[in-house]
$ cat input-v2.cif   # mmCIF, N, CA and C atoms
data_model
#
loop_
_atom_site.group_PDB
_atom_site.id
_atom_site.type_symbol
_atom_site.label_atom_id
_atom_site.label_comp_id
_atom_site.auth_asym_id
_atom_site.auth_seq_id
_atom_site.Cartn_x
_atom_site.Cartn_y
_atom_site.Cartn_z
ATOM 1 N N MET A 190 143.325 -54.370 -226.189
ATOM 2 C CA MET A 190 143.625 -54.928 -227.493
ATOM 3 C C MET A 190 142.791 -54.204 -228.554
ATOM 4 N N ALA A 191 143.407 -53.894 -229.660
ATOM 5 C CA ALA A 191 142.739 -53.184 -230.750
ATOM 6 C C ALA A 191 141.772 -54.119 -231.468
ATOM 7 N N LYS A 192 140.709 -53.548 -231.963
ATOM 8 C CA LYS A 192 139.727 -54.307 -232.731
ATOM 9 C C LYS A 192 140.294 -54.580 -234.117
ATOM 10 N N ASP A 193 140.030 -55.769 -234.662
ATOM 11 C CA ASP A 193 140.491 -56.116 -236.002
ATOM 12 C C ASP A 193 139.604 -55.419 -237.035
ATOM 13 N N LEU A 194 140.190 -54.479 -237.746
ATOM 14 C CA LEU A 194 139.457 -53.701 -238.748
ATOM 15 C C LEU A 194 139.862 -54.078 -240.168
ATOM 16 N N THR A 195 140.454 -55.242 -240.323
ATOM 17 C CA THR A 195 140.941 -55.679 -241.630
ATOM 18 C C THR A 195 139.825 -55.707 -242.669
ATOM 19 N N ASN A 196 138.672 -56.241 -242.318
ATOM 20 C CA ASN A 196 137.560 -56.318 -243.272
ATOM 21 C C ASN A 196 137.089 -54.932 -243.689
ATOM 22 N N GLU A 197 137.055 -53.996 -242.749
ATOM 23 C CA GLU A 197 136.622 -52.639 -243.053
ATOM 24 C C GLU A 197 137.620 -51.937 -243.976
ATOM 25 N N VAL A 198 138.917 -52.144 -243.729
ATOM 26 C CA VAL A 198 139.946 -51.552 -244.590
ATOM 27 C C VAL A 198 139.848 -52.147 -245.994
ATOM 28 N N THR A 199 139.640 -53.440 -246.075
ATOM 29 C CA THR A 199 139.478 -54.108 -247.370
ATOM 30 C C THR A 199 138.285 -53.530 -248.126
ATOM 31 N N ALA A 200 137.207 -53.241 -247.412
ATOM 32 C CA ALA A 200 136.013 -52.667 -248.046
ATOM 33 C C ALA A 200 136.314 -51.284 -248.621
ATOM 34 N N VAL A 201 137.098 -50.485 -247.900
ATOM 35 C CA VAL A 201 137.472 -49.155 -248.403
ATOM 36 C C VAL A 201 138.293 -49.306 -249.683
ATOM 37 N N CYS A 202 139.284 -50.161 -249.653
ATOM 38 C CA CYS A 202 140.167 -50.339 -250.812
ATOM 39 C C CYS A 202 139.435 -50.958 -252.008
ATOM 40 N N ALA A 203 138.432 -51.789 -251.752
ATOM 41 C CA ALA A 203 137.701 -52.458 -252.831
ATOM 42 C C ALA A 203 136.635 -51.568 -253.463
ATOM 43 N N ALA A 204 136.211 -50.535 -252.751
ATOM 44 C CA ALA A 204 135.169 -49.643 -253.286
ATOM 45 C C ALA A 204 135.675 -48.962 -254.542
ATOM 46 N N ARG A 205 134.793 -48.811 -255.524
ATOM 47 C CA ARG A 205 135.189 -48.286 -256.835
ATOM 48 C C ARG A 205 135.100 -46.768 -256.939
ATOM 49 N N SER A 206 134.066 -46.182 -256.363
ATOM 50 C CA SER A 206 133.884 -44.732 -256.497
ATOM 51 C C SER A 206 134.346 -44.007 -255.237
ATOM 52 N N LEU A 207 134.581 -42.720 -255.379
ATOM 53 C CA LEU A 207 134.991 -41.904 -254.238
ATOM 54 C C LEU A 207 133.918 -41.926 -253.158
ATOM 55 N N GLU A 208 132.661 -41.792 -253.558
ATOM 56 C CA GLU A 208 131.564 -41.799 -252.579
ATOM 57 C C GLU A 208 131.474 -43.138 -251.852
ATOM 58 N N ALA A 209 131.643 -44.234 -252.579
ATOM 59 C CA ALA A 209 131.602 -45.557 -251.949
ATOM 60 C C ALA A 209 132.754 -45.716 -250.959
ATOM 61 N N LYS A 210 133.919 -45.188 -251.313
ATOM 62 C CA LYS A 210 135.072 -45.240 -250.408
ATOM 63 C C LYS A 210 134.796 -44.417 -249.145
ATOM 64 N N LYS A 211 134.173 -43.251 -249.312
ATOM 65 C CA LYS A 211 133.856 -42.420 -248.150
ATOM 66 C C LYS A 211 132.877 -43.134 -247.220
ATOM 67 N N ILE A 212 131.879 -43.776 -247.780
ATOM 68 C CA ILE A 212 130.906 -44.516 -246.965
ATOM 69 C C ILE A 212 131.605 -45.652 -246.223
ATOM 70 N N ALA A 213 132.464 -46.386 -246.924
ATOM 71 C CA ALA A 213 133.192 -47.493 -246.301
ATOM 72 C C ALA A 213 134.152 -46.986 -245.230
ATOM 73 N N MET A 214 134.803 -45.852 -245.476
ATOM 74 C CA MET A 214 135.726 -45.287 -244.495
ATOM 75 C C MET A 214 134.983 -44.851 -243.239
ATOM 76 N N LYS A 215 133.823 -44.253 -243.416
ATOM 77 C CA LYS A 215 133.035 -43.845 -242.244
ATOM 78 C C LYS A 215 132.569 -45.062 -241.449
ATOM 79 N N ALA A 216 132.263 -46.160 -242.133
ATOM 80 C CA ALA A 216 131.898 -47.401 -241.441
ATOM 81 C C ALA A 216 133.093 -47.937 -240.654
ATOM 82 N N LEU A 217 134.282 -47.837 -241.245
ATOM 83 C CA LEU A 217 135.500 -48.257 -240.556
ATOM 84 C C LEU A 217 135.687 -47.436 -239.275
ATOM 85 N N ILE A 218 135.534 -46.135 -239.402
ATOM 86 C CA ILE A 218 135.707 -45.243 -238.250
ATOM 87 C C ILE A 218 134.719 -45.590 -237.141
ATOM 88 N N GLU A 219 133.472 -45.801 -237.514
ATOM 89 C CA GLU A 219 132.450 -46.114 -236.513
ATOM 90 C C GLU A 219 132.670 -47.478 -235.872
ATOM 91 N N SER A 220 133.295 -48.401 -236.602
ATOM 92 C CA SER A 220 133.560 -49.737 -236.063
ATOM 93 C C SER A 220 134.726 -49.759 -235.087
ATOM 94 N N SER A 221 135.548 -48.733 -235.134
ATOM 95 C CA SER A 221 136.758 -48.720 -234.306
ATOM 96 C C SER A 221 136.435 -48.403 -232.846
ATOM 97 N N HIS A 222 137.436 -48.600 -232.021
ATOM 98 C CA HIS A 222 137.322 -48.296 -230.589
ATOM 99 C C HIS A 222 137.803 -46.886 -230.269
ATOM 100 N N ALA A 223 137.912 -46.042 -231.264
ATOM 101 C CA ALA A 223 138.403 -44.679 -231.059
ATOM 102 C C ALA A 223 137.436 -43.874 -230.189
ATOM 103 N N LYS A 224 137.974 -42.832 -229.592
ATOM 104 C CA LYS A 224 137.153 -41.931 -228.784
ATOM 105 C C LYS A 224 136.166 -41.190 -229.670
ATOM 106 N N LYS A 225 135.094 -40.731 -229.075
ATOM 107 C CA LYS A 225 134.047 -40.016 -229.811
ATOM 108 C C LYS A 225 134.617 -38.806 -230.561
ATOM 109 N N GLU A 226 135.515 -38.067 -229.917
ATOM 110 C CA GLU A 226 136.106 -36.881 -230.535
ATOM 111 C C GLU A 226 136.976 -37.257 -231.736
ATOM 112 N N THR A 227 137.698 -38.363 -231.610
ATOM 113 C CA THR A 227 138.553 -38.829 -232.704
ATOM 114 C C THR A 227 137.701 -39.246 -233.893
ATOM 115 N N LYS A 228 136.627 -39.948 -233.630
ATOM 116 C CA LYS A 228 135.728 -40.364 -234.713
ATOM 117 C C LYS A 228 135.146 -39.149 -235.433
ATOM 118 N N LYS A 229 134.757 -38.146 -234.660
ATOM 119 C CA LYS A 229 134.190 -36.935 -235.256
ATOM 120 C C LYS A 229 135.234 -36.243 -236.142
ATOM 121 N N LEU A 230 136.452 -36.123 -235.669
ATOM 122 C CA LEU A 230 137.536 -35.491 -236.423
ATOM 123 C C LEU A 230 137.784 -36.230 -237.735
ATOM 124 N N PHE A 231 137.861 -37.543 -237.682
ATOM 125 C CA PHE A 231 138.143 -38.306 -238.895
ATOM 126 C C PHE A 231 136.976 -38.286 -239.871
ATOM 127 N N ASN A 232 135.756 -38.242 -239.377
ATOM 128 C CA ASN A 232 134.609 -38.114 -240.284
ATOM 129 C C ASN A 232 134.666 -36.801 -241.057
ATOM 130 N N VAL A 233 135.100 -35.734 -240.398
ATOM 131 C CA VAL A 233 135.263 -34.439 -241.074
ATOM 132 C C VAL A 233 136.372 -34.539 -242.119
ATOM 133 N N LYS A 234 137.486 -35.190 -241.760
ATOM 134 C CA LYS A 234 138.593 -35.360 -242.706
ATOM 135 C C LYS A 234 138.140 -36.142 -243.939
ATOM 136 N N VAL A 235 137.346 -37.185 -243.727
ATOM 137 C CA VAL A 235 136.847 -37.992 -244.846
ATOM 138 C C VAL A 235 136.022 -37.133 -245.792
ATOM 139 N N ASP A 236 135.179 -36.292 -245.250
ATOM 140 C CA ASP A 236 134.337 -35.426 -246.079
ATOM 141 C C ASP A 236 135.162 -34.474 -246.938
ATOM 142 N N MET A 237 136.340 -34.092 -246.464
ATOM 143 C CA MET A 237 137.169 -33.125 -247.173
ATOM 144 C C MET A 237 138.054 -33.763 -248.248
ATOM 145 N N ILE A 238 138.299 -35.041 -248.168
ATOM 146 C CA ILE A 238 139.190 -35.714 -249.113
ATOM 147 C C ILE A 238 138.514 -35.868 -250.469
ATOM 148 N N GLN A 239 139.259 -35.558 -251.512
ATOM 149 C CA GLN A 239 138.747 -35.647 -252.878
ATOM 150 C C GLN A 239 139.543 -36.627 -253.735
ATOM 151 N N SER A 240 140.275 -37.509 -253.102
ATOM 152 C CA SER A 240 141.112 -38.469 -253.825
ATOM 153 C C SER A 240 140.871 -39.874 -253.281
ATOM 154 N N ALA A 241 140.556 -40.794 -254.175
ATOM 155 C CA ALA A 241 140.320 -42.178 -253.775
ATOM 156 C C ALA A 241 141.576 -42.795 -253.161
ATOM 157 N N SER A 242 142.733 -42.505 -253.728
ATOM 158 C CA SER A 242 143.973 -43.082 -253.204
ATOM 159 C C SER A 242 144.289 -42.559 -251.798
ATOM 160 N N LYS A 243 143.935 -41.309 -251.524
ATOM 161 C CA LYS A 243 144.156 -40.768 -250.178
ATOM 162 C C LYS A 243 143.250 -41.459 -249.156
ATOM 163 N N LEU A 244 142.041 -41.830 -249.575
ATOM 164 C CA LEU A 244 141.157 -42.565 -248.671
ATOM 165 C C LEU A 244 141.705 -43.962 -248.396
ATOM 166 N N ASP A 245 142.275 -44.600 -249.421
ATOM 167 C CA ASP A 245 142.894 -45.913 -249.217
ATOM 168 C C ASP A 245 144.035 -45.814 -248.210
ATOM 169 N N LYS A 246 144.873 -44.791 -248.369
ATOM 170 C CA LYS A 246 145.993 -44.592 -247.447
ATOM 171 C C LYS A 246 145.490 -44.278 -246.047
ATOM 172 N N MET A 247 144.462 -43.447 -245.955
ATOM 173 C CA MET A 247 143.898 -43.107 -244.653
ATOM 174 C C MET A 247 143.375 -44.360 -243.948
ATOM 175 N N ALA A 248 142.748 -45.243 -244.689
ATOM 176 C CA ALA A 248 142.205 -46.474 -244.101
ATOM 177 C C ALA A 248 143.320 -47.337 -243.523
ATOM 178 N N THR A 249 144.398 -47.514 -244.277
ATOM 179 C CA THR A 249 145.490 -48.343 -243.772
ATOM 180 C C THR A 249 146.211 -47.654 -242.609
ATOM 181 N N ASP A 250 146.387 -46.351 -242.692
ATOM 182 C CA ASP A 250 147.008 -45.611 -241.584
ATOM 183 C C ASP A 250 146.144 -45.689 -240.320
ATOM 184 N N TYR A 251 144.839 -45.587 -240.492
ATOM 185 C CA TYR A 251 143.911 -45.659 -239.359
ATOM 186 C C TYR A 251 144.015 -47.033 -238.695
ATOM 187 N N LEU A 252 144.100 -48.068 -239.512
ATOM 188 C CA LEU A 252 144.255 -49.424 -238.984
ATOM 189 C C LEU A 252 145.543 -49.538 -238.182
ATOM 190 N N LEU A 253 146.653 -49.070 -238.741
ATOM 191 C CA LEU A 253 147.939 -49.162 -238.064
ATOM 192 C C LEU A 253 147.977 -48.331 -236.783
ATOM 193 N N SER A 254 147.356 -47.164 -236.805
ATOM 194 C CA SER A 254 147.372 -46.327 -235.599
ATOM 195 C C SER A 254 146.590 -46.985 -234.476
ATOM 196 N N GLY A 255 145.554 -47.723 -234.829
ATOM 197 C CA GLY A 255 144.777 -48.463 -233.818
ATOM 198 C C GLY A 255 145.556 -49.603 -233.216
ATOM 199 N N GLU A 256 146.579 -50.058 -233.923
ATOM 200 C CA GLU A 256 147.443 -51.123 -233.423
ATOM 201 C C GLU A 256 148.651 -50.584 -232.677
ATOM 202 N N GLY A 257 148.649 -49.281 -232.416
ATOM 203 C CA GLY A 257 149.733 -48.684 -231.646
ATOM 204 C C GLY A 257 150.956 -48.331 -232.462
ATOM 205 N N MET A 258 150.791 -48.204 -233.758
ATOM 206 C CA MET A 258 151.926 -47.918 -234.624
ATOM 207 C C MET A 258 152.236 -46.414 -234.706
ATOM 208 N N LYS A 259 151.469 -45.599 -234.030
ATOM 209 C CA LYS A 259 151.702 -44.143 -233.952
ATOM 210 C C LYS A 259 151.724 -43.467 -235.315
ATOM 211 N N VAL A 260 150.831 -43.898 -236.195
ATOM 212 C CA VAL A 260 150.728 -43.288 -237.525
ATOM 213 C C VAL A 260 149.923 -42.009 -237.406
ATOM 214 N N LYS A 261 150.420 -40.934 -237.989
ATOM 215 C CA LYS A 261 149.694 -39.671 -237.983
ATOM 216 C C LYS A 261 148.929 -39.544 -239.281
ATOM 217 N N CYS A 262 147.625 -39.519 -239.168
ATOM 218 C CA CYS A 262 146.778 -39.460 -240.367
ATOM 219 C C CYS A 262 146.480 -38.029 -240.759
#
$ encode --input "input-v2.cif" --output "structure tokens"
Amino acid sequence: MAKDLTNEVTAVCAARSLEAKKIAMKALIESSHAKKETKKLFNVKVDMIQSASKLDKMATDYLLSGEGMKVKC
């Protein structure tokens, strides 16, 4: 069963600055049950993103993919 990451996704979406969103997104990634390699890959992706809206989308996609929705982030 996937871990409920709703609170972490909400934190990403509620963050006001790009840096705050990146910190919240990395916390979401670390809270997940993803494999070590997957977490490392997504942390690199987070560092490269320069758009707050893209981080919001990434957070929701990450949540859905953890629920087996086969979302490609």
$ axis_aligned_box --input "input-v2.cif" --around "range 240-247 of chain A" --padding-each-side "8 Å" --output "AutoDock Vina command-line options"
--center_x 143.1 --center_y -41.7 --center_z -249.1 --size_x 21.7 --size_y 24.4 --size_z 26.2
$ atom_distance --input "input-v2.cif" --atom1 "atom N of Ser221 in chain A" --atom2 "atom N of Leu194 in chain A"
7.8 Å
$ resolve_selection --input "input-v2.cif" --expression "the PyMOL selection byres (((chain A and resi 249 and name CA) around 12) and name CA)" --output "PyMOL selection string"
chain A and resi 194-202+214+217-218+242-248+250-256+258+260-262
$ residues_near_point --input "input-v2.cif" --point "(134.9, -41.9, -248.5)" --cutoff "8 Å" --atoms "all atoms listed in the file" --output "PDB file with N, CA and C atoms, keeping the file's coordinate frame"
ATOM      1  N   VAL A 201     137.098 -50.485-247.900  1.00  0.00           N
ATOM      2  CA  VAL A 201     137.472 -49.155-248.403  1.00  0.00           C
ATOM      3  C   VAL A 201     138.293 -49.306-249.683  1.00  0.00           C
ATOM      4  N   SER A 206     134.066 -46.182-256.363  1.00  0.00           N
ATOM      5  CA  SER A 206     133.884 -44.732-256.497  1.00  0.00           C
ATOM      6  C   SER A 206     134.346 -44.007-255.237  1.00  0.00           C
ATOM      7  N   LEU A 207     134.581 -42.720-255.379  1.00  0.00           N
ATOM      8  CA  LEU A 207     134.991 -41.904-254.238  1.00  0.00           C
ATOM      9  C   LEU A 207     133.918 -41.926-253.158  1.00  0.00           C
ATOM     10  N   GLU A 208     132.661 -41.792-253.558  1.00  0.00           N
ATOM     11  CA  GLU A 208     131.564 -41.799-252.579  1.00  0.00           C
ATOM     12  C   GLU A 208     131.474 -43.138-251.852  1.00  0.00           C
ATOM     13  N   ALA A 209     131.643 -44.234-252.579  1.00  0.00           N
ATOM     14  CA  ALA A 209     131.602 -45.557-251.949  1.00  0.00           C
ATOM     15  C   ALA A 209     132.754 -45.716-250.959  1.00  0.00           C
ATOM     16  N   LYS A 210     133.919 -45.188-251.313  1.00  0.00           N
ATOM     17  CA  LYS A 210     135.072 -45.240-250.408  1.00  0.00           C
ATOM     18  C   LYS A 210     134.796 -44.417-249.145  1.00  0.00           C
ATOM     19  N   LYS A 211     134.173 -43.251-249.312  1.00  0.00           N
ATOM     20  CA  LYS A 211     133.856 -42.420-248.150  1.00  0.00           C
ATOM     21  C   LYS A 211     132.877 -43.134-247.220  1.00  0.00           C
ATOM     22  N   ILE A 212     131.879 -43.776-247.780  1.00  0.00           N
ATOM     23  CA  ILE A 212     130.906 -44.516-246.965  1.00  0.00           C
ATOM     24  C   ILE A 212     131.605 -45.652-246.223  1.00  0.00           C
ATOM     25  N   ALA A 213     132.464 -46.386-246.924  1.00  0.00           N
ATOM     26  CA  ALA A 213     133.192 -47.493-246.301  1.00  0.00           C
ATOM     27  C   ALA A 213     134.152 -46.986-245.230  1.00  0.00           C
ATOM     28  N   MET A 214     134.803 -45.852-245.476  1.00  0.00           N
ATOM     29  CA  MET A 214     135.726 -45.287-244.495  1.00  0.00           C
ATOM     30  C   MET A 214     134.983 -44.851-243.239  1.00  0.00           C
ATOM     31  N   LYS A 215     133.823 -44.253-243.416  1.00  0.00           N
ATOM     32  CA  LYS A 215     133.035 -43.845-242.244  1.00  0.00           C
ATOM     33  C   LYS A 215     132.569 -45.062-241.449  1.00  0.00           C
ATOM     34  N   VAL A 235     137.346 -37.185-243.727  1.00  0.00           N
ATOM     35  CA  VAL A 235     136.847 -37.992-244.846  1.00  0.00           C
ATOM     36  C   VAL A 235     136.022 -37.133-245.792  1.00  0.00           C
ATOM     37  N   ASP A 236     135.179 -36.292-245.250  1.00  0.00           N
ATOM     38  CA  ASP A 236     134.337 -35.426-246.079  1.00  0.00           C
ATOM     39  C   ASP A 236     135.162 -34.474-246.938  1.00  0.00           C
ATOM     40  N   ILE A 238     138.299 -35.041-248.168  1.00  0.00           N
ATOM     41  CA  ILE A 238     139.190 -35.714-249.113  1.00  0.00           C
ATOM     42  C   ILE A 238     138.514 -35.868-250.469  1.00  0.00           C
ATOM     43  N   SER A 240     140.275 -37.509-253.102  1.00  0.00           N
ATOM     44  CA  SER A 240     141.112 -38.469-253.825  1.00  0.00           C
ATOM     45  C   SER A 240     140.871 -39.874-253.281  1.00  0.00           C
ATOM     46  N   ALA A 241     140.556 -40.794-254.175  1.00  0.00           N
ATOM     47  CA  ALA A 241     140.320 -42.178-253.775  1.00  0.00           C
ATOM     48  C   ALA A 241     141.576 -42.795-253.161  1.00  0.00           C
ATOM     49  N   LEU A 244     142.041 -41.830-249.575  1.00  0.00           N
ATOM     50  CA  LEU A 244     141.157 -42.565-248.671  1.00  0.00           C
ATOM     51  C   LEU A 244     141.705 -43.962-248.396  1.00  0.00           C
ATOM     52  N   ASP A 245     142.275 -44.600-249.421  1.00  0.00           N
ATOM     53  CA  ASP A 245     142.894 -45.913-249.217  1.00  0.00           C
ATOM     54  C   ASP A 245     144.035 -45.814-248.210  1.00  0.00           C
TER      55      ASP A 245
END
$ select_by_dssp --input "input-v2.cif" --residues "chain A" --states "alpha helix (DSSP H)" --output "VMD selection string"
chain A and resid 195 to 203 207 to 220 225 to 237 241 to 255
$ write_last_selection --input "input-v2.cif" --atoms "N, CA and C atoms" --output "short mmCIF file (atom, residue, chain, number, x, y, z; two decimals), in the frame of the given file"
data_model
loop_
_atom_site.label_atom_id
_atom_site.label_comp_id
_atom_site.auth_asym_id
_atom_site.auth_seq_id
_atom_site.Cartn_x
_atom_site.Cartn_y
_atom_site.Cartn_z
N THR A 195 140.45 -55.24 -240.32
CA THR A 195 140.94 -55.68 -241.63
C THR A 195 139.82 -55.71 -242.67
N ASN A 196 138.67 -56.24 -242.32
CA ASN A 196 137.56 -56.32 -243.27
C ASN A 196 137.09 -54.93 -243.69
N GLU A 197 137.06 -54.00 -242.75
CA GLU A 197 136.62 -52.64 -243.05
C GLU A 197 137.62 -51.94 -243.98
N VAL A 198 138.92 -52.14 -243.73
CA VAL A 198 139.95 -51.55 -244.59
C VAL A 198 139.85 -52.15 -245.99
N THR A 199 139.64 -53.44 -246.08
CA THR A 199 139.48 -54.11 -247.37
C THR A 199 138.28 -53.53 -248.13
N ALA A 200 137.21 -53.24 -247.41
CA ALA A 200 136.01 -52.67 -248.05
C ALA A 200 136.31 -51.28 -248.62
N VAL A 201 137.10 -50.48 -247.90
CA VAL A 201 137.47 -49.16 -248.40
C VAL A 201 138.29 -49.31 -249.68
N CYS A 202 139.28 -50.16 -249.65
CA CYS A 202 140.17 -50.34 -250.81
C CYS A 202 139.44 -50.96 -252.01
N ALA A 203 138.43 -51.79 -251.75
CA ALA A 203 137.70 -52.46 -252.83
C ALA A 203 136.64 -51.57 -253.46
N LEU A 207 134.58 -42.72 -255.38
CA LEU A 207 134.99 -41.90 -254.24
C LEU A 207 133.92 -41.93 -253.16
N GLU A 208 132.66 -41.79 -253.56
CA GLU A 208 131.56 -41.80 -252.58
C GLU A 208 131.47 -43.14 -251.85
N ALA A 209 131.64 -44.23 -252.58
CA ALA A 209 131.60 -45.56 -251.95
C ALA A 209 132.75 -45.72 -250.96
N LYS A 210 133.92 -45.19 -251.31
CA LYS A 210 135.07 -45.24 -250.41
C LYS A 210 134.80 -44.42 -249.14
N LYS A 211 134.17 -43.25 -249.31
CA LYS A 211 133.86 -42.42 -248.15
C LYS A 211 132.88 -43.13 -247.22
N ILE A 212 131.88 -43.78 -247.78
CA ILE A 212 130.91 -44.52 -246.96
C ILE A 212 131.60 -45.65 -246.22
N ALA A 213 132.46 -46.39 -246.92
CA ALA A 213 133.19 -47.49 -246.30
C ALA A 213 134.15 -46.99 -245.23
N MET A 214 134.80 -45.85 -245.48
CA MET A 214 135.73 -45.29 -244.50
C MET A 214 134.98 -44.85 -243.24
N LYS A 215 133.82 -44.25 -243.42
CA LYS A 215 133.04 -43.84 -242.24
C LYS A 215 132.57 -45.06 -241.45
N ALA A 216 132.26 -46.16 -242.13
CA ALA A 216 131.90 -47.40 -241.44
C ALA A 216 133.09 -47.94 -240.65
N LEU A 217 134.28 -47.84 -241.24
CA LEU A 217 135.50 -48.26 -240.56
C LEU A 217 135.69 -47.44 -239.28
N ILE A 218 135.53 -46.14 -239.40
CA ILE A 218 135.71 -45.24 -238.25
C ILE A 218 134.72 -45.59 -237.14
N GLU A 219 133.47 -45.80 -237.51
CA GLU A 219 132.45 -46.11 -236.51
C GLU A 219 132.67 -47.48 -235.87
N SER A 220 133.29 -48.40 -236.60
CA SER A 220 133.56 -49.74 -236.06
C SER A 220 134.73 -49.76 -235.09
N LYS A 225 135.09 -40.73 -229.08
CA LYS A 225 134.05 -40.02 -229.81
C LYS A 225 134.62 -38.81 -230.56
N GLU A 226 135.51 -38.07 -229.92
CA GLU A 226 136.11 -36.88 -230.54
C GLU A 226 136.98 -37.26 -231.74
N THR A 227 137.70 -38.36 -231.61
CA THR A 227 138.55 -38.83 -232.70
C THR A 227 137.70 -39.25 -233.89
N LYS A 228 136.63 -39.95 -233.63
CA LYS A 228 135.73 -40.36 -234.71
C LYS A 228 135.15 -39.15 -235.43
N LYS A 229 134.76 -38.15 -234.66
CA LYS A 229 134.19 -36.94 -235.26
C LYS A 229 135.23 -36.24 -236.14
N LEU A 230 136.45 -36.12 -235.67
CA LEU A 230 137.54 -35.49 -236.42
C LEU A 230 137.78 -36.23 -237.74
N PHE A 231 137.86 -37.54 -237.68
CA PHE A 231 138.14 -38.31 -238.90
C PHE A 231 136.98 -38.29 -239.87
N ASN A 232 135.76 -38.24 -239.38
CA ASN A 232 134.61 -38.11 -240.28
C ASN A 232 134.67 -36.80 -241.06
N VAL A 233 135.10 -35.73 -240.40
CA VAL A 233 135.26 -34.44 -241.07
C VAL A 233 136.37 -34.54 -242.12
N LYS A 234 137.49 -35.19 -241.76
CA LYS A 234 138.59 -35.36 -242.71
C LYS A 234 138.14 -36.14 -243.94
N VAL A 235 137.35 -37.18 -243.73
CA VAL A 235 136.85 -37.99 -244.85
C VAL A 235 136.02 -37.13 -245.79
N ASP A 236 135.18 -36.29 -245.25
CA ASP A 236 134.34 -35.43 -246.08
C ASP A 236 135.16 -34.47 -246.94
N MET A 237 136.34 -34.09 -246.46
CA MET A 237 137.17 -33.12 -247.17
C MET A 237 138.05 -33.76 -248.25
N ALA A 241 140.56 -40.79 -254.18
CA ALA A 241 140.32 -42.18 -253.78
C ALA A 241 141.58 -42.80 -253.16
N SER A 242 142.73 -42.50 -253.73
CA SER A 242 143.97 -43.08 -253.20
C SER A 242 144.29 -42.56 -251.80
N LYS A 243 143.94 -41.31 -251.52
CA LYS A 243 144.16 -40.77 -250.18
C LYS A 243 143.25 -41.46 -249.16
N LEU A 244 142.04 -41.83 -249.58
CA LEU A 244 141.16 -42.56 -248.67
C LEU A 244 141.71 -43.96 -248.40
N ASP A 245 142.28 -44.60 -249.42
CA ASP A 245 142.89 -45.91 -249.22
C ASP A 245 144.04 -45.81 -248.21
N LYS A 246 144.87 -44.79 -248.37
CA LYS A 246 145.99 -44.59 -247.45
C LYS A 246 145.49 -44.28 -246.05
N MET A 247 144.46 -43.45 -245.96
CA MET A 247 143.90 -43.11 -244.65
C MET A 247 143.38 -44.36 -243.95
N ALA A 248 142.75 -45.24 -244.69
CA ALA A 248 142.21 -46.47 -244.10
C ALA A 248 143.32 -47.34 -243.52
N THR A 249 144.40 -47.51 -244.28
CA THR A 249 145.49 -48.34 -243.77
C THR A 249 146.21 -47.65 -242.61
N ASP A 250 146.39 -46.35 -242.69
CA ASP A 250 147.01 -45.61 -241.58
C ASP A 250 146.14 -45.69 -240.32
N TYR A 251 144.84 -45.59 -240.49
CA TYR A 251 143.91 -45.66 -239.36
C TYR A 251 144.01 -47.03 -238.70
N LEU A 252 144.10 -48.07 -239.51
CA LEU A 252 144.26 -49.42 -238.98
C LEU A 252 145.54 -49.54 -238.18
N LEU A 253 146.65 -49.07 -238.74
CA LEU A 253 147.94 -49.16 -238.06
C LEU A 253 147.98 -48.33 -236.78
N SER A 254 147.36 -47.16 -236.80
CA SER A 254 147.37 -46.33 -235.60
C SER A 254 146.59 -46.98 -234.48
N GLY A 255 145.55 -47.72 -234.83
CA GLY A 255 144.78 -48.46 -233.82
C GLY A 255 145.56 -49.60 -233.22
#
